[in-house]
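Heads up, entry_22.csv below (CSV, C-alpha atoms):
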chain,number,residue,atom,x,y,z
A,1,MET,CA,82.8,-69.4,167.0
A,2,ILE,CA,80.1,-67.8,169.1
A,3,ASN,CA,79.9,-64.3,167.6
A,4,VAL,CA,79.5,-61.2,169.7
A,5,VAL,CA,76.9,-59.9,167.2
A,6,GLN,CA,75.0,-61.7,164.5
A,7,PRO,CA,72.1,-60.8,162.2
A,8,SER,CA,68.8,-62.8,161.9
A,9,LEU,CA,68.0,-62.9,158.2
A,10,GLY,CA,66.0,-65.6,156.5
A,11,GLU,CA,63.3,-66.5,153.9
A,12,ARG,CA,61.0,-63.6,154.7
A,13,GLU,CA,63.8,-61.1,153.9
A,14,LEU,CA,64.7,-63.0,150.8
A,15,ALA,CA,61.1,-63.0,149.6
A,16,ALA,CA,60.9,-59.2,150.1
A,17,VAL,CA,64.1,-58.7,148.1
A,18,ARG,CA,62.7,-61.0,145.4
A,19,GLU,CA,59.6,-58.8,145.1
A,20,VAL,CA,61.7,-55.7,144.6
A,21,PHE,CA,63.8,-57.5,141.9
A,22,GLU,CA,60.6,-58.6,140.1
A,23,SER,CA,59.2,-55.0,140.2
A,24,ASN,CA,62.1,-53.8,137.9
A,25,TRP,CA,62.7,-50.9,140.3
A,26,VAL,CA,65.5,-51.3,142.8
A,27,GLY,CA,66.3,-47.7,143.5
A,28,ARG,CA,64.6,-45.4,146.0
A,29,GLY,CA,60.9,-45.9,145.7
A,30,PRO,CA,57.8,-47.3,147.3
A,31,ARG,CA,59.6,-49.8,149.6
A,32,THR,CA,61.7,-47.0,151.0
A,33,GLY,CA,58.6,-44.9,151.7
A,34,GLU,CA,57.0,-47.9,153.4
A,35,PHE,CA,60.1,-48.4,155.6
A,36,GLU,CA,60.2,-44.7,156.6
A,37,GLU,CA,56.5,-44.8,157.4
A,38,ALA,CA,56.9,-48.0,159.5
A,39,PHE,CA,59.9,-46.5,161.4
A,40,ALA,CA,58.0,-43.3,162.1
A,41,ARG,CA,55.2,-45.3,163.6
A,42,HIS,CA,57.7,-47.3,165.7
A,43,LEU,CA,59.0,-44.0,167.1
A,44,GLY,CA,55.6,-42.5,167.5
A,45,VAL,CA,56.4,-39.5,165.3
A,46,GLY,CA,55.0,-38.1,162.0
A,47,ARG,CA,56.3,-39.6,158.8
A,48,GLU,CA,57.5,-36.2,157.7
A,49,HIS,CA,60.1,-36.1,160.5
A,50,VAL,CA,62.1,-39.1,159.3
A,51,THR,CA,64.5,-39.5,156.4
A,52,SER,CA,66.2,-42.8,155.4
A,53,THR,CA,69.9,-42.8,154.6
A,54,ASN,CA,72.5,-45.3,153.5
A,55,SER,CA,74.1,-45.5,157.0
A,56,CYS,CA,73.8,-44.0,160.4
A,57,SER,CA,77.2,-42.3,159.8
A,58,SER,CA,75.7,-40.5,156.8
A,59,ALA,CA,72.7,-39.5,158.9
A,60,THR,CA,75.1,-38.0,161.4
A,61,PHE,CA,76.9,-36.0,158.6
A,62,VAL,CA,73.5,-34.8,157.3
A,63,ALA,CA,72.5,-33.7,160.9
A,64,MET,CA,75.6,-31.6,161.3
A,65,GLU,CA,75.0,-30.0,157.9
A,66,LEU,CA,71.4,-29.2,158.9
A,67,LEU,CA,72.7,-27.6,162.1
A,68,GLY,CA,74.9,-25.3,160.0
A,69,LEU,CA,78.1,-26.0,162.0
A,70,ARG,CA,81.0,-23.9,161.1
A,71,PRO,CA,84.6,-23.2,162.3
A,72,GLY,CA,84.7,-21.9,165.8
A,73,ASP,CA,81.6,-24.0,166.9
A,74,GLU,CA,82.0,-26.7,169.5
A,75,VAL,CA,80.0,-29.9,169.9
A,76,VAL,CA,80.1,-31.8,173.2
A,77,LEU,CA,80.0,-35.6,173.1
A,78,PRO,CA,81.1,-38.4,175.4
A,79,THR,CA,84.5,-39.8,174.7
A,80,VAL,CA,82.8,-43.3,174.5
A,81,SER,CA,81.2,-42.6,171.2
A,82,PHE,CA,81.5,-43.9,167.6
A,83,VAL,CA,84.0,-42.2,165.4
A,84,ALA,CA,81.4,-41.1,162.9
A,85,ALA,CA,80.1,-38.4,165.3
A,86,GLY,CA,83.6,-36.9,165.8
A,87,ASN,CA,84.3,-37.0,162.0
A,88,ALA,CA,80.9,-35.4,161.2
A,89,ILE,CA,81.7,-32.5,163.6
A,90,ALA,CA,85.3,-32.0,162.4
A,91,ALA,CA,84.3,-32.2,158.8
A,92,ARG,CA,82.3,-29.0,159.2
A,93,GLY,CA,85.4,-27.3,160.7
A,94,ALA,CA,83.8,-27.4,164.2
A,95,ARG,CA,85.6,-28.8,167.3
A,96,PRO,CA,84.6,-32.0,169.1
A,97,VAL,CA,84.8,-31.5,172.9
A,98,PHE,CA,84.8,-34.7,174.8
A,99,CYS,CA,83.3,-35.3,178.2
A,100,ASP,CA,83.7,-38.1,180.8
A,101,VAL,CA,81.2,-40.9,181.5
A,102,ASP,CA,79.9,-42.9,184.4
A,103,GLU,CA,82.5,-45.6,185.0
A,104,HIS,CA,79.8,-48.3,185.3
A,105,THR,CA,77.1,-47.3,182.7
A,106,LEU,CA,79.6,-45.7,180.2
A,107,ASN,CA,77.0,-43.0,179.6
A,108,PRO,CA,77.5,-39.4,180.5
A,109,GLY,CA,75.6,-37.7,183.3
A,110,VAL,CA,74.4,-34.1,183.3
A,111,ALA,CA,77.4,-32.9,185.3
A,112,ASP,CA,79.8,-34.5,182.8
A,113,VAL,CA,78.2,-32.6,179.9
A,114,GLU,CA,77.8,-29.3,181.8
A,115,ALA,CA,81.4,-29.3,182.9
A,116,VAL,CA,82.6,-28.8,179.3
A,117,LEU,CA,79.9,-26.4,177.9
A,118,THR,CA,81.1,-23.0,176.8
A,119,GLU,CA,79.6,-20.0,175.0
A,120,ARG,CA,80.8,-21.7,171.7
A,121,THR,CA,78.9,-24.9,172.3
A,122,ARG,CA,76.3,-25.4,169.5
A,123,ALA,CA,75.2,-28.9,170.2
A,124,VAL,CA,75.6,-32.0,172.5
A,125,VAL,CA,75.7,-35.5,171.1
A,126,VAL,CA,74.8,-38.4,173.4
A,127,LEU,CA,75.2,-42.2,172.8
A,128,HIS,CA,72.9,-44.6,174.6
A,129,TYR,CA,75.6,-47.1,175.6
A,130,GLY,CA,74.6,-50.7,175.1
A,131,GLY,CA,71.0,-49.7,174.6
A,132,HIS,CA,70.6,-48.1,178.1
A,133,PRO,CA,69.0,-44.7,177.7
A,134,GLY,CA,71.1,-43.1,180.4
A,135,ALA,CA,70.4,-39.5,181.6
A,136,VAL,CA,68.9,-38.5,178.3
A,137,THR,CA,65.9,-36.7,179.8
A,138,GLU,CA,68.0,-34.7,182.2
A,139,ILE,CA,70.6,-33.8,179.5
A,140,ALA,CA,67.7,-32.7,177.2
A,141,GLU,CA,66.5,-30.4,179.9
A,142,LEU,CA,70.0,-29.0,180.3
A,143,CYS,CA,70.3,-28.4,176.6
A,144,ARG,CA,67.0,-26.6,176.4
A,145,ALA,CA,68.0,-24.4,179.3
A,146,ARG,CA,71.4,-23.5,177.8
A,147,GLY,CA,70.0,-23.0,174.3
A,148,VAL,CA,72.1,-25.7,172.6
A,149,HIS,CA,70.9,-28.5,170.3
A,150,LEU,CA,70.7,-32.1,171.5
A,151,ILE,CA,71.6,-34.9,169.0
A,152,GLU,CA,71.0,-38.5,169.9
A,153,ASP,CA,73.1,-41.2,168.4
A,154,ALA,CA,70.5,-43.9,168.9
A,155,ALA,CA,72.3,-46.6,166.9
A,156,LEU,CA,72.3,-48.9,169.9
A,157,ALA,CA,68.9,-47.9,171.2
A,158,ILE,CA,66.4,-48.8,168.5
A,159,ALA,CA,63.9,-50.2,171.1
A,160,SER,CA,65.0,-48.2,174.1
A,161,THR,CA,62.5,-45.8,175.8
A,162,VAL,CA,62.1,-43.6,178.9
A,163,ASP,CA,58.5,-43.4,180.2
A,164,GLY,CA,57.3,-44.7,176.8
A,165,GLN,CA,59.1,-42.2,174.7
A,166,ALA,CA,61.6,-43.6,172.1
A,167,CYS,CA,65.3,-42.8,172.5
A,168,GLY,CA,66.3,-40.6,169.6
A,169,THR,CA,63.3,-38.4,169.9
A,170,PHE,CA,64.2,-36.4,173.1
A,171,GLY,CA,66.5,-34.0,171.3
A,172,ASP,CA,66.4,-32.0,168.1
A,173,MET,CA,67.7,-34.9,166.0
A,174,GLY,CA,68.4,-38.6,166.3
A,175,MET,CA,69.8,-41.3,164.1
A,176,TRP,CA,69.7,-45.1,164.0
A,177,SER,CA,71.8,-47.8,162.3
A,178,PHE,CA,70.8,-50.8,160.3
A,179,ASP,CA,74.2,-52.1,159.4
A,180,HIS,CA,75.3,-55.8,159.5
A,181,ALA,CA,75.9,-55.7,163.3
A,182,LYS,CA,72.8,-54.0,164.5
A,183,MET,CA,69.4,-55.4,165.6
A,184,VAL,CA,67.4,-54.4,162.6
A,185,VAL,CA,69.7,-55.2,159.7
A,186,THR,CA,69.4,-54.0,156.1
A,187,VAL,CA,73.1,-54.8,155.5
A,188,ASP,CA,73.7,-51.1,155.5
A,189,GLY,CA,71.4,-48.2,156.2
A,190,GLY,CA,70.3,-45.5,158.6
A,191,MET,CA,67.4,-43.3,159.6
A,192,LEU,CA,67.4,-39.6,160.7
A,193,TYR,CA,64.8,-38.0,162.9
A,194,VAL,CA,64.5,-34.2,162.8
A,195,ARG,CA,62.1,-32.5,165.2
A,196,ASP,CA,61.9,-29.0,163.6
A,197,PRO,CA,59.5,-29.1,160.6
A,198,GLU,CA,61.5,-26.8,158.4
A,199,LEU,CA,64.8,-28.7,159.0
A,200,ALA,CA,62.9,-32.0,158.5
A,201,ALA,CA,61.7,-30.8,155.1
A,202,ARG,CA,65.3,-30.0,154.2
A,203,ALA,CA,66.7,-33.3,155.3
A,204,PRO,CA,65.8,-35.4,152.3
A,205,LYS,CA,67.4,-32.7,150.0
A,206,VAL,CA,70.6,-32.6,152.0
A,207,ALA,CA,70.6,-36.4,151.9
A,208,TYR,CA,70.4,-36.3,148.1
A,209,LEU,CA,73.0,-33.9,146.7
A,210,GLY,CA,70.9,-30.8,147.7
A,211,LEU,CA,68.6,-31.5,144.7
A,212,GLU,CA,65.3,-29.8,144.4
A,213,PRO,CA,63.0,-30.3,141.3
A,214,ARG,CA,62.1,-27.1,139.5
A,215,SER,CA,58.7,-28.6,138.6
A,216,ALA,CA,55.5,-28.6,140.7
A,217,ALA,CA,57.0,-31.7,142.3
A,218,ARG,CA,58.9,-29.4,144.6
A,219,SER,CA,55.8,-29.2,146.7
A,220,ALA,CA,55.5,-32.9,146.9
A,221,PRO,CA,56.0,-34.7,150.2
A,222,THR,CA,59.4,-35.2,151.9
A,223,SER,CA,62.0,-37.0,149.9
A,224,PHE,CA,63.4,-36.2,146.4
A,225,GLN,CA,61.2,-38.0,143.9
A,226,SER,CA,62.2,-40.0,140.9
A,227,GLY,CA,61.8,-38.6,137.4
A,228,TYR,CA,58.8,-40.8,136.9
A,229,ASP,CA,57.1,-39.5,140.1
A,230,GLN,CA,57.8,-35.9,139.0
A,231,ALA,CA,56.3,-36.6,135.6
A,232,LEU,CA,53.1,-37.6,137.3
A,233,ARG,CA,53.0,-34.2,138.9
A,234,SER,CA,54.3,-31.9,136.2
A,235,LYS,CA,53.2,-31.4,132.6
A,236,THR,CA,56.6,-30.6,131.2
A,237,ARG,CA,60.3,-30.6,131.9
A,238,TRP,CA,60.1,-32.8,135.0
A,239,TRP,CA,63.8,-33.6,134.6
A,240,ASP,CA,65.0,-30.1,135.6
A,241,TYR,CA,66.3,-29.4,139.1
A,242,ASP,CA,68.0,-26.8,141.3
A,243,VAL,CA,70.8,-27.4,143.8
A,244,VAL,CA,70.0,-25.9,147.2
A,245,SER,CA,73.1,-27.1,149.1
A,246,PHE,CA,76.4,-28.6,148.1
A,247,SER,CA,75.7,-31.9,149.8
A,248,GLY,CA,76.6,-35.6,149.4
A,249,ARG,CA,74.5,-38.5,148.3
A,250,SER,CA,73.3,-40.5,151.4
A,251,THR,CA,70.1,-42.2,150.1
A,252,THR,CA,69.2,-45.8,150.4
A,253,ASN,CA,67.2,-48.0,148.0
A,254,ASP,CA,64.2,-50.3,147.8
A,255,VAL,CA,66.3,-53.5,148.1
A,256,LEU,CA,67.6,-52.6,151.5
A,257,SER,CA,64.4,-51.0,152.6
A,258,ALA,CA,62.4,-54.1,151.8
A,259,ILE,CA,64.7,-56.0,154.2
A,260,GLY,CA,64.2,-53.3,156.7
A,261,VAL,CA,60.4,-53.5,156.6
A,262,VAL,CA,60.6,-57.3,157.5
A,263,GLN,CA,63.3,-56.8,160.1
A,264,LEU,CA,61.4,-54.0,161.9
A,265,SER,CA,58.3,-56.2,162.1
A,266,ARG,CA,60.5,-58.8,164.0
A,267,LEU,CA,62.1,-56.3,166.4
A,268,GLU,CA,59.9,-57.2,169.3
A,269,GLU,CA,60.9,-60.8,169.2
A,270,PHE,CA,64.6,-59.8,168.8
A,271,VAL,CA,64.4,-57.7,172.0
A,272,ALA,CA,62.6,-60.4,173.9
A,273,ARG,CA,65.3,-62.9,173.2
A,274,ARG,CA,68.1,-60.5,174.0
A,275,ARG,CA,66.4,-59.7,177.3
A,276,GLU,CA,66.4,-63.4,178.1
A,277,VAL,CA,70.1,-63.7,177.3
A,278,ALA,CA,70.9,-60.7,179.5
A,279,ARG,CA,69.0,-62.1,182.4
A,280,ALA,CA,70.7,-65.5,182.0
A,281,TYR,CA,74.1,-63.7,182.1
A,282,ASP,CA,73.0,-61.7,185.1
A,283,ALA,CA,72.0,-64.9,186.9
A,284,GLY,CA,75.1,-66.8,186.0
A,285,LEU,CA,77.7,-64.0,186.4
A,286,ALA,CA,76.5,-61.6,189.0
A,287,GLY,CA,78.0,-63.5,191.9
A,288,VAL,CA,81.4,-64.1,190.3
A,289,ALA,CA,84.2,-62.6,192.4
A,290,GLY,CA,86.0,-59.7,190.7
A,291,VAL,CA,83.3,-59.3,188.0
A,292,ARG,CA,80.7,-56.6,187.7
A,293,VAL,CA,77.6,-56.9,185.5
A,294,PRO,CA,75.7,-54.0,183.9
A,295,PRO,CA,73.6,-51.9,186.3
A,296,PRO,CA,69.9,-52.4,186.6
A,297,LEU,CA,67.7,-50.0,184.5
A,298,PRO,CA,66.1,-47.1,186.4
A,299,ALA,CA,62.3,-47.1,186.8
A,300,GLY,CA,60.6,-46.1,183.5
A,301,HIS,CA,63.6,-47.1,181.3
A,302,THR,CA,63.7,-49.9,178.8
A,303,SER,CA,66.7,-51.2,176.9
A,304,SER,CA,67.3,-52.7,173.5
A,305,TYR,CA,69.9,-55.0,175.1
A,306,PHE,CA,72.3,-54.3,172.3
A,307,MET,CA,75.4,-54.9,174.4
A,308,TYR,CA,76.1,-56.9,177.5
A,309,TRP,CA,79.3,-55.8,179.3
A,310,LEU,CA,81.4,-57.1,182.2
A,311,GLN,CA,83.9,-55.1,184.2
A,312,PHE,CA,86.8,-56.7,186.0
A,313,GLU,CA,88.3,-55.6,189.3
A,314,ASP,CA,91.7,-57.0,188.4
A,315,ASP,CA,93.8,-56.1,185.4
A,316,ILE,CA,92.8,-59.2,183.5
A,317,ARG,CA,90.4,-58.0,180.8
A,318,ASP,CA,92.7,-58.5,177.8
A,319,GLU,CA,93.8,-61.9,179.0
A,320,ILE,CA,90.1,-63.0,179.5
A,321,ALA,CA,89.3,-61.8,175.9
A,322,ARG,CA,92.2,-63.9,174.5
A,323,ASP,CA,91.2,-66.9,176.7
A,324,LEU,CA,87.6,-66.8,175.5
A,325,PHE,CA,88.6,-66.3,171.8
A,326,GLU,CA,90.8,-69.4,172.0
A,327,ARG,CA,87.8,-71.3,173.3
A,328,GLY,CA,85.5,-70.2,170.5
A,329,ILE,CA,83.9,-67.2,172.1
A,330,TYR,CA,84.4,-63.8,170.4
A,331,THR,CA,84.3,-60.7,172.7
A,332,THR,CA,85.3,-57.1,172.1
A,333,PHE,CA,85.3,-53.6,173.6
A,334,ARG,CA,83.3,-50.6,172.2
A,335,TYR,CA,84.2,-47.8,171.9
A,336,PRO,CA,87.9,-46.8,171.9
A,337,LEU,CA,88.1,-43.5,173.7
A,338,MET,CA,87.8,-40.6,171.2
A,339,HIS,CA,89.8,-38.1,173.3
A,340,GLN,CA,92.8,-40.4,172.8
A,341,VAL,CA,92.6,-40.3,169.0
A,342,ALA,CA,95.3,-37.9,167.9
A,343,ALA,CA,93.4,-36.6,164.9
A,344,TYR,CA,90.9,-34.8,167.1
A,345,GLY,CA,93.6,-32.9,168.9
A,346,SER,CA,92.1,-33.3,172.4
A,347,ASP,CA,94.2,-32.8,175.6
A,348,ALA,CA,91.3,-33.9,177.8
A,349,VAL,CA,92.0,-36.1,180.8
A,350,LEU,CA,88.9,-38.2,181.5
A,351,PRO,CA,89.7,-40.6,184.3
A,352,ARG,CA,86.4,-42.5,184.7
A,353,ALA,CA,86.2,-43.2,181.0
A,354,GLU,CA,89.8,-44.3,180.9
A,355,ALA,CA,89.3,-46.6,183.9
A,356,ALA,CA,86.2,-48.1,182.3
A,357,ALA,CA,87.9,-48.6,178.9
A,358,ALA,CA,90.6,-50.7,180.6
A,359,ARG,CA,88.3,-53.0,182.4
A,360,THR,CA,85.2,-53.4,180.2
A,361,LEU,CA,84.5,-56.4,177.9
A,362,LEU,CA,81.4,-57.1,175.7
A,363,LEU,CA,80.0,-60.6,175.7
A,364,PRO,CA,78.1,-62.1,172.8
A,365,ILE,CA,74.5,-61.0,172.8
A,366,HIS,CA,72.1,-61.5,169.9
A,367,GLN,CA,68.8,-63.2,169.2
A,368,SER,CA,70.4,-66.1,167.5
A,369,LEU,CA,72.2,-67.3,170.6
A,370,SER,CA,70.9,-70.7,171.8
A,371,ASP,CA,70.5,-71.6,175.5
A,372,ALA,CA,73.5,-73.9,175.1
A,373,ASP,CA,75.6,-71.0,173.7
A,374,VAL,CA,74.7,-68.8,176.7
A,375,ASP,CA,75.5,-71.6,179.2
A,376,ARG,CA,78.8,-72.1,177.5
A,377,VAL,CA,79.7,-68.4,177.7
A,378,VAL,CA,78.8,-68.3,181.4
A,379,THR,CA,80.7,-71.5,182.1
A,380,GLU,CA,83.8,-70.3,180.3
A,381,VAL,CA,83.8,-66.8,181.8
A,382,ARG,CA,83.5,-68.2,185.3
A,383,ALA,CA,86.3,-70.6,184.7
A,384,ARG,CA,88.7,-68.1,183.0
A,385,VAL,CA,88.1,-65.4,185.6
A,386,ALA,CA,88.8,-67.9,188.4
A,387,ALA,CA,92.0,-69.1,186.7
A,388,ARG,CA,93.3,-65.6,185.9
A,389,ARG,CA,92.6,-64.3,189.4
A,390,SER,CA,94.3,-67.4,190.9
A,391,ARG,CA,97.4,-66.8,188.8
A,392,GLY,CA,97.5,-63.2,189.9
A,393,ARG,CA,97.3,-64.0,193.5
A,394,ALA,CA,100.1,-66.6,193.1
A,395,ALA,CA,102.3,-64.1,191.4
Go ahead and express the file in the form of structure tokens.
Amino acid sequence: MINVVQPSLGERELAAVREVFESNWVGRGPRTGEFEEAFARHLGVGREHVTSTNSCSSATFVAMELLGLRPGDEVVLPTVSFVAAGNAIAARGARPVFCDVDEHTLNPGVADVEAVLTERTRAVVVLHYGGHPGAVTEIAELCRARGVHLIEDAALAIASTVDGQACGTFGDMGMWSFDHAKMVVTVDGGMLYVRDPELAARAPKVAYLGLEPRSAARSAPTSFQSGYDQALRSKTRWWDYDVVSFSGRSTTNDVLSAIGVVQLSRLEEFVARRREVARAYDAGLAGVAGVRVPPPLPAGHTSSYFMYWLQFEDDIRDEIARDLFERGIYTTFRYPLMHQVAAYGSDAVLPRAEAAAARTLLLPIHQSLSDADVDRVVTEVRARVAARRSRGRAA
């Protein structure tokens, strides 16, 4: 089966894990600090602005807690979003308000966001669909003008930029994913960026049960320190702590962080291969009748090429997905529309998102694809589309 996503893990990652095992410390420690520092450099921000977590979803929950969302607040987000964002909002008693998206990019535009802003709007969450930055700079300007927070779910945009600035850093907070399906894989993991220095200093505490050491270690840098680290800074009773918020435990560890350090060092090669795959798909599928490939990137934008999507003029998407699966090519659609999830209680009608969701299919794209794999995908897509369209016309 040609997988739609697939990690690239090998001997370097195993060696890094082995070093952690041999150190006799597998919890949060020096490797986690190293990973946070490396990721901060990747973003072009100070180390004090990032906090590692055990998942991007956890980072989203931490972000909503840092914002102090409460019942009566509203948070705007595109209906094409991952469920974690909606859950993190609703868990605070706030209301997710869903906006429409561009039918081709599946990203929201400024007008889509502005159409659903109210005096109760506390924040806007944007997803960079497929790794394309979208209108993030324009939406950031709108949020500043309206006095609402901008949160970027940059899980799909780890290497995406606009005019050299990393996606995830245009707003007040941003988060990234390192789960099994992402580009930088730590098996599970996430990272949170917080622009405001005071909130950034609170983030590690919120990510670790709201704990704050009573000792002199409370003035130590960023994340909550181990008992040993506190003992190095305090003469006595380094084990005492206070609780500054009733938060969950969202921390990662040195085993996963060691993998992350290696994976992040390989990101450039991963993006380069994905770019090659995307260009091969463009060349092989752009001229297929009834098929639309992703739009070109605007000037100044770069993509992580996390997704490659096709859109079909005819009502054949589901049949094409089954045809390809039976021929050893796994495809999917992301993300199911959130305004249609009953739990959120939305009555929105979002026609462009609904049209896109009925016609969009994600093809395999990852750095482990061989040229033969890509050629096979192109050949099968062309053949299956032609066959399905011919049947439709005959009927």
**Study point:** Selection near Leu209 in chain A, 6 Å with all atoms listed in the file, sequence-local residues under 5 positions removed, as a count of residues only
**Key:** 3
Practice item. Quote the spacing between CA of Val50 in chain A and CA of Ala159 in chain A in Å to one decimal place. Key: 16.3 Å
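Every protein, DNA or RNA residue with an atom at most 9 Å from Met64 in chain A, where only C-alpha atoms count and chain neighbours fewer than 6 positions away do not, is listed here: Ala88, Ile89 and Arg92 of chain A.
The shortest atom-to-atom distance to Thr251 in chain A, with all atoms listed in the file taken into account, belongs to A:Gly189 out of A:Gly287, A:Gly189, A:Gly134, A:Gly300.
Picture a line from CA of Arg382 in chain A to CA of Asp323 in chain A; it runs 11.6 Å.
Proximity to Ser57 in chain A was assessed for A:Asp102, A:Asp315, A:Asp188, A:Asp242 counting all atoms listed in the file; the smallest distance is recorded for A:Asp188.
Nearest-residue note for Ala40 in chain A: choosing from A:Met191, A:Ala278, A:Val97, A:Val244, the minimum distance belongs to A:Met191, counting all atoms listed in the file.
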